[in-house]
Amino acid sequence: MTTAEDVVFDLITMGRIGVDLYPLRTGVPLAEADVFGKFLGGSPANVAVAGARLGRRTALISRTGADPFGEYLRAELRRFGVDDRWVAEVAAYPTPLTFCEMFPPDRFPLYFYRLPKAPDLEIGPDELDRAALRAARVFWMTGTGLSAQPSRAATLAALEARAKTGITVFDLDWRPMLWEEDPAKPYARALGLATVAVGNTQECEVATGESDPHAAARALLAAGVELAVVKRGPDGVLAVHRDGTVAEAAPLEVEVVNGLGAGDAFGGALCHGLLAGWDLARVLRYANAAGAIVASRLACSPAMPFPAEIEEVLA
C-alpha cells in the first residue's frame, strides 16, 4: 500500500458512502416517482469530491459492498479525482442506497437503506494508515462514523493518530435513524480530539445541549475545538475561533432544487479556504457560495462547483 512517504493528501475524509437515487422530477411523492438518477452519495464522499473540484488532493476512507453498486462508487470516486485506495469491499453487507423526495424549497426527506448494517461502519482500527492520516493537511470525520462499532473505534483511533496536527474537522452529522444509543460520550470524546467542529443548530444541540448559535459555538470551543462553525439555514452561518475572532456570512438567495448536498459543498470549500489561509470571513463567504450553487442543482457529487463557478457567484 502506498503511504504518507509517497503522497501527502490535502484532505482525507472518512465515513459514509452509498448510492443516491433521486427522482428526476421534483415535487413528486416518492411513491409516484418513476424515473430516478443514480449518483455517488454519502457526506464524507461528497466532501472529498468538493475538495477535489477545488484543486485539492483528496482521498476517502470507507467501505462498500462486494457488488456492482460498490464498483460504481469506486469508479465515480476516481472519475471525480478522489483517491479510492482506502475504499475496500465488505462481502457481508450490501452497498447502501438512499432515496430522497424532492419538494423544493425546503422538504427533502431521506430514506436510508443501510440494513442489516452499512459496510462503511465496518472500518476497523487496525486497517488505518496512520502515517497518511498524520501527514494529511486536513482530516474530516463525521458523527455517523461514531454510531456503531468497529467504525467508532476506528474513527477515534484516526483522531488520536492526528493528535490535533493540522486541521481536524468533526462534522457533527447527526442522523438519529442511524443511532441506537446516546451519542453524548462519543461526541464529547471526538470534540476533544478535533480542531474544528461544523454543524447546524440541531446538530450543535445534540453535541452540546445548546441550540442558540452563539451559545453552541462557545460550548463547542469549551469542548476542545479551536474553531466552531454553526450553520443557521436561512440566517446564514456563524464561526467563532478560540482567539476571539467572530465571523458571520449571510445566505445567498438561489432557487432551491435539492438542498441535500449544500452542506457537503460548504464543507469542501471550508477546508479549501482554511488550507489557503484566508481570513475567516472570506472562508465563510466562499463556502456559503459553494453550498448555494449545489442547492440550485439536482445531484450532490456531480453538482460540486469548480473555483470559477464560485468566484462568479461571489462577484
# chains A, B, ... in the order shown; residues from 1 in each chain; ligands from 1
>>> closest_atom_pairs(of="stretch 172-212 of chain A", to="stretch 216-240 of chain A", cutoff="9 Å", atoms="only C-alpha atoms", output="CSV")
residue,atom,partner,partner_atom,distance
A:Ala188,CA,A:Ala223,CA,6.9
A:Arg189,CA,A:Ala223,CA,8.8
A:Leu191,CA,A:Gly224,CA,5.8
A:Gly192,CA,A:Gly224,CA,4.6
A:Leu193,CA,A:Gly224,CA,7.1
A:Ala194,CA,A:Val225,CA,5.7
A:Thr195,CA,A:Val225,CA,4.3
A:Val196,CA,A:Leu227,CA,4.8
A:Ala197,CA,A:Ala228,CA,5.0
A:Val198,CA,A:Val229,CA,4.8
A:Gly199,CA,A:Val230,CA,5.4
A:Asn200,CA,A:Lys231,CA,4.4
A:Thr201,CA,A:Arg232,CA,6.2
A:Cys204,CA,A:Ala216,CA,6.0
A:Glu205,CA,A:Ala216,CA,7.0
A:Ala207,CA,A:Leu220,CA,8.0
A:Thr208,CA,A:Ala219,CA,6.1
A:Gly209,CA,A:Ala216,CA,7.7
A:Glu210,CA,A:Ala216,CA,4.9
A:Ser211,CA,A:Ala216,CA,6.1
A:Asp212,CA,A:Ala216,CA,5.9
>>> write_last_selection(atoms="C-alpha atoms", output="PDB file, in the first residue's frame")
ATOM      1  CA  ALA A 188     -17.613  14.559  23.575  1.00  0.00           C
ATOM      2  CA  ARG A 189     -14.547  12.414  23.032  1.00  0.00           C
ATOM      3  CA  LEU A 191     -14.715  17.046  20.124  1.00  0.00           C
ATOM      4  CA  GLY A 192     -11.770  16.769  22.487  1.00  0.00           C
ATOM      5  CA  LEU A 193      -9.623  15.386  19.653  1.00  0.00           C
ATOM      6  CA  ALA A 194     -10.741  17.685  16.812  1.00  0.00           C
ATOM      7  CA  THR A 195      -9.690  21.248  15.980  1.00  0.00           C
ATOM      8  CA  VAL A 196     -12.809  22.288  14.013  1.00  0.00           C
ATOM      9  CA  ALA A 197     -16.485  21.452  14.609  1.00  0.00           C
ATOM     10  CA  VAL A 198     -19.117  22.023  11.918  1.00  0.00           C
ATOM     11  CA  GLY A 199     -22.857  21.530  12.304  1.00  0.00           C
ATOM     12  CA  ASN A 200     -26.303  23.026  12.041  1.00  0.00           C
ATOM     13  CA  THR A 201     -28.179  24.224  15.121  1.00  0.00           C
ATOM     14  CA  CYS A 204     -24.933  21.512  17.791  1.00  0.00           C
ATOM     15  CA  GLU A 205     -27.703  20.975  20.319  1.00  0.00           C
ATOM     16  CA  ALA A 207     -23.397  17.749  20.732  1.00  0.00           C
ATOM     17  CA  THR A 208     -23.544  20.478  23.384  1.00  0.00           C
ATOM     18  CA  GLY A 209     -27.104  20.869  24.674  1.00  0.00           C
ATOM     19  CA  GLU A 210     -27.153  24.434  23.301  1.00  0.00           C
ATOM     20  CA  SER A 211     -29.435  25.487  20.455  1.00  0.00           C
ATOM     21  CA  ASP A 212     -28.656  29.216  20.368  1.00  0.00           C
TER      22      ASP A 212
END
>>> residues_around(residues="A:Val138", least_positions_apart="4", cutoff="7 Å", atoms="only C-alpha atoms", output="PyMOL selection string")
chain A and resi 10-12+166-168
>>> residues_around(residues="A:Ala158", least_positions_apart="5", cutoff="9 Å", atoms="only C-alpha atoms", output="ChimeraX atom specification")
/A:125,128-130,133-134,139,141,153,163
>>> residues_around(residues="A:Cys100", least_positions_apart="4", cutoff="8 Å", atoms="only C-alpha atoms", output="list in words")
Asp20, Leu21, Tyr22, Pro23, Leu30, Phe108, Pro109, Leu110 and Tyr111 of chain A
>>> write_last_selection(atoms="N, CA and C atoms", output="PDB file, in the first residue's frame")
ATOM      1  N   ASP A  20     -26.950   7.394  -4.125  1.00  0.00           N
ATOM      2  CA  ASP A  20     -28.131   8.247  -4.010  1.00  0.00           C
ATOM      3  C   ASP A  20     -29.026   8.013  -5.223  1.00  0.00           C
ATOM      4  N   LEU A  21     -30.298   7.753  -4.988  1.00  0.00           N
ATOM      5  CA  LEU A  21     -31.282   7.592  -6.054  1.00  0.00           C
ATOM      6  C   LEU A  21     -32.313   8.706  -5.920  1.00  0.00           C
ATOM      7  N   TYR A  22     -32.252   9.663  -6.853  1.00  0.00           N
ATOM      8  CA  TYR A  22     -33.117  10.836  -6.781  1.00  0.00           C
ATOM      9  C   TYR A  22     -34.136  10.814  -7.926  1.00  0.00           C
ATOM     10  N   PRO A  23     -35.416  11.126  -7.629  1.00  0.00           N
ATOM     11  CA  PRO A  23     -36.390  11.288  -8.711  1.00  0.00           C
ATOM     12  C   PRO A  23     -35.938  12.407  -9.649  1.00  0.00           C
ATOM     13  N   LEU A  30     -42.481  10.239  -3.514  1.00  0.00           N
ATOM     14  CA  LEU A  30     -41.622   9.109  -3.845  1.00  0.00           C
ATOM     15  C   LEU A  30     -42.441   7.920  -4.351  1.00  0.00           C
ATOM     16  N   PHE A 108     -36.902  17.735   1.960  1.00  0.00           N
ATOM     17  CA  PHE A 108     -36.114  16.704   1.285  1.00  0.00           C
ATOM     18  C   PHE A 108     -35.932  15.496   2.208  1.00  0.00           C
ATOM     19  N   PRO A 109     -37.034  14.811   2.543  1.00  0.00           N
ATOM     20  CA  PRO A 109     -36.900  13.666   3.454  1.00  0.00           C
ATOM     21  C   PRO A 109     -36.059  12.554   2.836  1.00  0.00           C
ATOM     22  N   LEU A 110     -35.183  11.985   3.663  1.00  0.00           N
ATOM     23  CA  LEU A 110     -34.273  10.928   3.220  1.00  0.00           C
ATOM     24  C   LEU A 110     -34.735   9.575   3.730  1.00  0.00           C
ATOM     25  N   TYR A 111     -34.504   8.560   2.925  1.00  0.00           N
ATOM     26  CA  TYR A 111     -34.811   7.186   3.311  1.00  0.00           C
ATOM     27  C   TYR A 111     -33.546   6.351   3.103  1.00  0.00           C
TER      28      TYR A 111
END
>>> atom_distance(atom1="atom CA of A:Glu76", atom2="atom CA of A:Phe39")
8.5 Å
>>> residues_around(residues="stretch 295-301 of chain A", least_positions_apart="2", cutoff="7 Å", atoms="only C-alpha atoms", output="list in words")
Phe39, Leu40, Gly41, Asn46, Val49, Val254, Glu255, Val256, Val257, Asn258, Gly259, Gly261, Ala262, Gly291, Ala292, Ile293, Ala303 and Met304 of chain A
>>> select_by_dssp(residues="stretch 12-117 of chain A", states="strand (DSSP E or B)", output="count of residues only")
42
>>> residues_around(residues="A:Arg285", least_positions_apart="3", cutoff="8 Å", atoms="only C-alpha atoms", output="PyMOL selection string")
chain A and resi 249-250+281-282+288-289+314
>>> write_last_selection(atoms="N, CA and C atoms", output="short mmCIF file (atom, residue, chain, number, x, y, z; two decimals), in the first residue's frame")
data_model
loop_
_atom_site.label_atom_id
_atom_site.label_comp_id
_atom_site.auth_asym_id
_atom_site.auth_seq_id
_atom_site.Cartn_x
_atom_site.Cartn_y
_atom_site.Cartn_z
N ALA A 249 -21.71 35.08 7.88
CA ALA A 249 -21.97 35.24 6.45
C ALA A 249 -23.46 35.05 6.21
N ALA A 250 -24.04 35.96 5.45
CA ALA A 250 -25.46 35.87 5.12
C ALA A 250 -25.65 34.83 4.02
N ALA A 281 -13.83 35.43 7.59
CA ALA A 281 -14.99 35.97 6.88
C ALA A 281 -14.98 35.56 5.41
N ARG A 282 -13.80 35.59 4.80
CA ARG A 282 -13.69 35.18 3.39
C ARG A 282 -13.98 33.69 3.24
N ASN A 288 -20.22 29.45 1.72
CA ASN A 288 -21.65 29.71 1.52
C ASN A 288 -22.01 29.70 0.05
N ALA A 289 -21.15 30.31 -0.78
CA ALA A 289 -21.41 30.35 -2.22
C ALA A 289 -21.38 28.95 -2.82
N LEU A 314 -19.78 34.90 -6.28
CA LEU A 314 -19.33 35.91 -5.34
C LEU A 314 -19.22 37.29 -5.99
#
>>> residues_around(residues="A:Ala52", least_positions_apart="4", cutoff="12 Å", atoms="only C-alpha atoms", output="PyMOL selection string")
chain A and resi 9-13+45-48+56-60+77-83+265+268-269+271-272+301-302+304-307
>>> select_by_dssp(residues="stretch 170-282 of chain A", states="alpha helix (DSSP H)", output="PyMOL selection string")
chain A and resi 184-193+201-208+213-223+262-276+280-282
>>> atom_distance(atom1="atom CA of A:Trp140", atom2="atom CA of A:Asp171")
7.1 Å
>>> atom_distance(atom1="atom CA of A:Val19", atom2="atom CA of A:Val35")
15.2 Å
>>> closest_residue(among="A:Leu280, A:Ile17, A:Val246, A:Ala315", to="A:Tyr72", atoms="only C-alpha atoms")
A:Ile17
>>> decode(residues="stretch 158-196 of chain A", atoms="N, CA and C atoms", output="CSV table (one decimal), in the first residue's frame")
chain,number,residue,atom,x,y,z
A,158,ALA,N,-8.3,7.2,14.5
A,158,ALA,CA,-7.8,8.2,13.5
A,158,ALA,C,-7.6,9.5,14.1
A,159,LEU,N,-8.5,10.0,14.9
A,159,LEU,CA,-8.4,11.3,15.6
A,159,LEU,C,-7.2,11.3,16.5
A,160,GLU,N,-7.0,10.2,17.2
A,160,GLU,CA,-5.8,10.1,18.1
A,160,GLU,C,-4.5,10.1,17.4
A,161,ALA,N,-4.5,9.4,16.2
A,161,ALA,CA,-3.3,9.4,15.3
A,161,ALA,C,-3.0,10.8,14.9
A,162,ARG,N,-4.0,11.6,14.6
A,162,ARG,CA,-3.8,13.0,14.2
A,162,ARG,C,-3.2,13.8,15.4
A,163,ALA,N,-3.6,13.6,16.6
A,163,ALA,CA,-3.1,14.3,17.8
A,163,ALA,C,-3.2,15.8,17.5
A,164,LYS,N,-4.3,16.3,16.9
A,164,LYS,CA,-4.6,17.7,16.6
A,164,LYS,C,-3.5,18.3,15.7
A,165,THR,N,-2.8,17.5,14.9
A,165,THR,CA,-1.9,18.1,13.9
A,165,THR,C,-2.7,18.6,12.8
A,166,GLY,N,-2.3,19.7,12.1
A,166,GLY,CA,-3.0,20.2,11.0
A,166,GLY,C,-4.4,20.6,11.4
A,167,ILE,N,-5.4,20.4,10.4
A,167,ILE,CA,-6.8,20.8,10.6
A,167,ILE,C,-7.5,19.4,10.7
A,168,THR,N,-8.2,19.2,11.8
A,168,THR,CA,-9.0,18.0,12.1
A,168,THR,C,-10.4,18.4,12.3
A,169,VAL,N,-11.3,18.1,11.4
A,169,VAL,CA,-12.7,18.5,11.4
A,169,VAL,C,-13.7,17.4,11.8
A,170,PHE,N,-14.5,17.8,12.8
A,170,PHE,CA,-15.6,16.9,13.2
A,170,PHE,C,-16.9,17.5,12.6
A,171,ASP,N,-17.4,16.8,11.6
A,171,ASP,CA,-18.7,17.2,11.0
A,171,ASP,C,-19.8,16.5,11.9
A,172,LEU,N,-20.5,17.2,12.7
A,172,LEU,CA,-21.4,16.7,13.7
A,172,LEU,C,-22.5,15.7,13.1
A,173,ASP,N,-22.9,16.0,11.9
A,173,ASP,CA,-23.6,15.0,11.0
A,173,ASP,C,-24.6,14.1,11.8
A,174,TRP,N,-25.6,14.7,12.5
A,174,TRP,CA,-26.5,13.9,13.3
A,174,TRP,C,-27.6,13.3,12.5
A,175,ARG,N,-27.6,11.9,12.4
A,175,ARG,CA,-28.6,11.2,11.7
A,175,ARG,C,-29.3,10.2,12.7
A,176,PRO,N,-30.3,10.7,13.4
A,176,PRO,CA,-30.9,9.9,14.5
A,176,PRO,C,-31.3,8.5,14.1
A,177,MET,N,-31.7,8.3,12.9
A,177,MET,CA,-32.2,7.0,12.5
A,177,MET,C,-31.1,6.0,12.4
A,178,LEU,N,-29.8,6.4,12.5
A,178,LEU,CA,-28.7,5.5,12.4
A,178,LEU,C,-28.0,5.2,13.7
A,179,TRP,N,-28.6,5.8,14.8
A,179,TRP,CA,-28.1,5.5,16.1
A,179,TRP,C,-29.1,4.7,17.0
A,180,GLU,N,-28.5,3.9,17.8
A,180,GLU,CA,-29.3,3.0,18.8
A,180,GLU,C,-28.9,3.4,20.2
A,181,GLU,N,-28.1,4.4,20.4
A,181,GLU,CA,-27.7,4.7,21.8
A,181,GLU,C,-27.5,6.2,21.9
A,182,ASP,N,-27.2,6.7,23.1
A,182,ASP,CA,-27.0,8.1,23.3
A,182,ASP,C,-25.6,8.5,22.7
A,183,PRO,N,-25.6,9.5,21.9
A,183,PRO,CA,-24.3,9.9,21.2
A,183,PRO,C,-23.4,10.8,22.1
A,184,ALA,N,-23.8,11.1,23.3
A,184,ALA,CA,-23.2,12.2,24.1
A,184,ALA,C,-21.7,11.8,24.3
A,185,LYS,N,-21.4,10.6,24.8
A,185,LYS,CA,-20.0,10.3,25.1
A,185,LYS,C,-19.1,10.2,23.9
A,186,PRO,N,-19.5,9.5,22.8
A,186,PRO,CA,-18.7,9.5,21.6
A,186,PRO,C,-18.5,10.9,21.0
A,187,TYR,N,-19.5,11.8,21.0
A,187,TYR,CA,-19.4,13.1,20.5
A,187,TYR,C,-18.4,13.9,21.4
A,188,ALA,N,-18.5,13.8,22.7
A,188,ALA,CA,-17.6,14.6,23.6
A,188,ALA,C,-16.2,14.2,23.4
A,189,ARG,N,-15.9,12.9,23.2
A,189,ARG,CA,-14.5,12.4,23.0
A,189,ARG,C,-14.0,12.9,21.7
A,190,ALA,N,-14.8,12.9,20.6
A,190,ALA,CA,-14.3,13.3,19.3
A,190,ALA,C,-14.1,14.8,19.4
A,191,LEU,N,-14.9,15.6,20.0
A,191,LEU,CA,-14.7,17.0,20.1
A,191,LEU,C,-13.4,17.4,20.8
A,192,GLY,N,-13.0,16.5,21.8
A,192,GLY,CA,-11.8,16.8,22.5
A,192,GLY,C,-10.5,16.5,21.6
A,193,LEU,N,-10.7,15.8,20.5
A,193,LEU,CA,-9.6,15.4,19.7
A,193,LEU,C,-9.6,16.2,18.3
A,194,ALA,N,-10.7,16.9,18.1
A,194,ALA,CA,-10.7,17.7,16.8
A,194,ALA,C,-10.3,19.1,17.0
A,195,THR,N,-10.0,19.8,15.9
A,195,THR,CA,-9.7,21.2,16.0
A,195,THR,C,-10.8,22.1,15.4
A,196,VAL,N,-11.7,21.5,14.6
A,196,VAL,CA,-12.8,22.3,14.0
A,196,VAL,C,-14.1,21.5,14.2
